[in-house]
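Q: The structure file model-v8.cif (mmCIF, C-alpha atoms) is provided below.
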```cif
data_work
loop_
_atom_site.label_atom_id
_atom_site.label_comp_id
_atom_site.auth_asym_id
_atom_site.auth_seq_id
_atom_site.Cartn_x
_atom_site.Cartn_y
_atom_site.Cartn_z
CA MET G 45 142.21 44.42 93.19
CA MET G 46 140.92 46.66 95.95
CA ASP G 47 137.41 48.09 95.90
CA PRO G 48 137.68 51.62 94.42
CA THR G 49 135.35 53.04 97.08
CA ARG G 50 137.76 51.95 99.81
CA ILE G 51 140.51 53.86 98.02
CA VAL G 52 138.32 56.98 97.78
CA LEU G 53 137.38 56.70 101.46
CA ALA G 54 141.00 56.20 102.57
CA GLY G 55 142.09 59.15 100.41
CA ALA G 56 139.35 61.34 101.88
CA TRP G 57 140.48 60.45 105.42
CA VAL G 58 144.06 61.38 104.47
CA SER G 59 142.77 64.68 103.06
CA LEU G 60 140.81 65.41 106.23
CA MET G 61 143.83 64.67 108.40
CA LEU G 62 145.96 67.05 106.29
CA ILE G 63 143.30 69.78 106.50
CA TYR G 64 143.39 69.52 110.30
CA LEU G 65 147.19 69.59 110.29
CA LEU G 66 147.26 72.60 107.95
CA GLY G 67 144.93 74.46 110.32
CA ASP G 68 147.23 73.73 113.25
CA VAL G 69 150.34 74.84 111.35
CA LEU G 70 148.70 78.04 110.10
CA ARG G 71 147.41 78.80 113.61
CA ILE G 72 150.97 78.63 114.93
CA PHE G 73 152.43 80.81 112.16
CA ALA G 74 149.56 83.32 112.30
CA GLY G 75 150.13 83.82 116.02
CA ASP G 76 146.65 82.53 116.89
CA PHE G 77 148.14 79.87 119.16
CA THR G 78 149.18 80.19 122.80
CA PRO G 79 151.04 77.16 124.18
CA GLY G 80 149.18 75.41 126.99
CA SER G 81 145.83 77.07 126.34
CA MET G 82 142.64 76.70 124.31
CA GLY G 83 140.45 79.70 123.71
CA GLY G 84 142.81 81.78 125.86
CA LYS G 85 142.28 79.60 128.93
CA PRO G 86 144.81 77.20 130.52
CA VAL G 87 144.05 73.58 129.73
CA PRO G 88 144.78 70.51 131.88
CA SER G 89 146.72 67.66 130.31
CA SER G 90 143.59 65.50 130.22
CA MET G 91 142.07 67.91 127.70
CA TRP G 92 145.13 67.53 125.45
CA THR G 93 144.66 63.76 125.64
CA ILE G 94 141.03 64.15 124.54
CA ALA G 95 142.11 66.48 121.71
CA ALA G 96 144.72 63.94 120.61
CA ALA G 97 142.13 61.15 120.64
CA ILE G 98 139.77 63.19 118.46
CA MET G 99 142.52 64.03 116.00
CA LEU G 100 143.54 60.36 115.84
CA VAL G 101 140.14 59.47 114.38
CA PRO G 102 140.99 60.32 110.74
CA ILE G 103 144.36 58.59 111.08
CA ALA G 104 142.78 55.43 112.49
CA MET G 105 140.05 55.56 109.87
CA ILE G 106 142.62 55.21 107.09
CA LEU G 107 143.53 51.76 108.42
CA VAL G 108 139.96 50.88 109.33
CA THR G 109 138.86 51.72 105.78
CA LEU G 110 141.39 49.32 104.33
CA MET G 111 140.84 46.48 106.82
CA VAL G 112 137.25 46.30 108.10
CA PRO G 113 134.50 44.41 106.22
CA THR G 114 132.15 46.52 104.14
CA ASP G 115 128.94 46.45 106.20
CA PRO G 116 130.44 47.64 109.50
CA LEU G 117 132.79 49.99 107.64
CA ARG G 118 129.86 51.80 106.05
CA TRP G 119 128.39 52.65 109.48
CA ILE G 120 131.74 53.31 111.17
CA THR G 121 132.53 55.83 108.41
CA ILE G 122 129.17 57.55 108.67
CA ILE G 123 129.29 57.78 112.48
CA ALA G 124 132.92 58.99 112.59
CA SER G 125 132.30 61.57 109.84
CA VAL G 126 129.13 62.94 111.40
CA GLY G 127 130.86 63.12 114.80
CA LEU G 128 133.87 65.02 113.46
CA ALA G 129 131.70 67.37 111.41
CA LEU G 130 129.56 68.24 114.45
CA PHE G 131 132.65 68.65 116.63
CA ASN G 132 134.19 71.09 114.13
CA LEU G 133 130.98 73.03 113.51
CA ALA G 134 130.52 73.47 117.27
CA GLY G 135 133.76 75.49 117.36
CA LEU G 136 132.71 78.02 114.72
CA PRO G 137 133.48 80.81 114.30
CA TYR G 138 137.23 80.79 114.79
CA PRO G 139 139.19 84.07 114.98
CA GLY G 140 141.02 83.57 111.67
CA LEU G 141 139.27 83.46 108.30
CA TYR G 142 141.70 80.72 107.20
CA ASP G 143 140.53 78.54 110.11
CA ASN G 144 136.86 79.01 109.25
CA VAL G 145 137.54 78.19 105.59
CA LEU G 146 139.46 75.05 106.56
CA ILE G 147 136.67 73.94 108.89
CA VAL G 148 134.12 74.37 106.09
CA VAL G 149 136.36 72.43 103.69
CA GLY G 150 136.77 69.72 106.34
CA VAL G 151 133.00 69.50 106.77
CA VAL G 152 132.64 69.16 102.98
CA VAL G 153 135.16 66.28 103.06
CA ASN G 154 133.11 64.72 105.88
CA GLY G 155 130.06 65.08 103.64
CA ILE G 156 131.88 63.30 100.83
CA LEU G 157 132.83 60.49 103.21
CA ILE G 158 129.23 60.14 104.40
CA TRP G 159 127.86 60.20 100.86
CA GLN G 160 130.41 57.67 99.55
CA ALA G 161 129.71 55.30 102.45
CA TRP G 162 125.94 55.70 102.06
CA VAL G 163 125.81 54.97 98.30
CA TRP G 164 128.54 52.31 98.35
CA SER G 165 127.59 49.25 96.34
CA PRO G 166 130.19 46.64 97.25
CA SER G 167 128.68 44.10 94.87
CA ALA G 168 129.78 46.32 91.98
CA ALA G 169 133.36 46.32 93.26
CA ILE G 170 136.16 44.68 91.37
CA VAL G 171 137.48 41.70 93.30
#
```
Mind turning the file's structure into structure tokens?

A:
Amino acid sequence: MMDPTRIVLAGAWVSLMLIYLLGDVLRIFAGDFTPGSMGGKPVPSSMWTIAAAIMLVPIAMILVTLMVPTDPLRWITIIASVGLALFNLAGLPYPGLYDNVLIVVGVVVNGILIWQAWVWSPSAAIV
């Protein structure tokens, strides 16, 4: 049987990914999105590649959570979560209230990930 903490971590990464996706979808439908620009300024394709790489982190972390040994996973989770939380907080405030709420919820999910990784006791896991 899989360690329950791994399941919680993987589920939290899925939740974070869906929060990011929901923000993107709402931004499009709310009209707060202009194709080819960020913050009202044209963006080179390299910036879109960087944005894609950042948004791939939660997706990759789902697999990493299920496959990497416990000790490195604990630190990988903490570092990735802190990095994403800081990245998202640096963009506040966003024009739409919905975006700000989603960023705060995402930061809370990052906090849950950090806390779960920090207090993880793998010896108590069911094997």

Q: If I take atom CA of G:Leu53 and atom CA of G:Ser125, how far is one from the other in Å, to one decimal?

A: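 Atom CA of G:Ser125 lies at a distance of 10.9 Å from atom CA of G:Leu53.
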
Q: Just say which residues the PyMOL selection byres ((chain G and resi 115) around 12) picks in this file, as a PyMOL selection string.

A: chain G and resi 109+111-114+116-122+161-162+164-167

Q: Could you list, as number ranges by chain, every residue matched by the PyMOL selection byres ((chain G and resi 129-131) around 12) in this structure?

A: G: 60, 64, 95, 98-99, 101-102, 121-128, 132-136, 146-158

Q: Here is a test: counting all atoms listed in the file, which residue of G:Met91, G:Tyr138, G:Trp57, G:Asp47 is nearest to G:Ala104?

A: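 Distance minimum relative to G:Ala104 lands on G:Trp57.
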
Q: Could you jot down the atom CA of G:Ile51 to atom CA of G:Met105 separation for me, Å, one decimal place?

A: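 Atom CA of G:Met105 lies 12.0 Å from atom CA of G:Ile51.
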
Q: Could you work out how far atom CA of G:Gly140 lies from atom CA of G:Asp76, giving the answer in Å with one decimal?

A: 7.7 Å
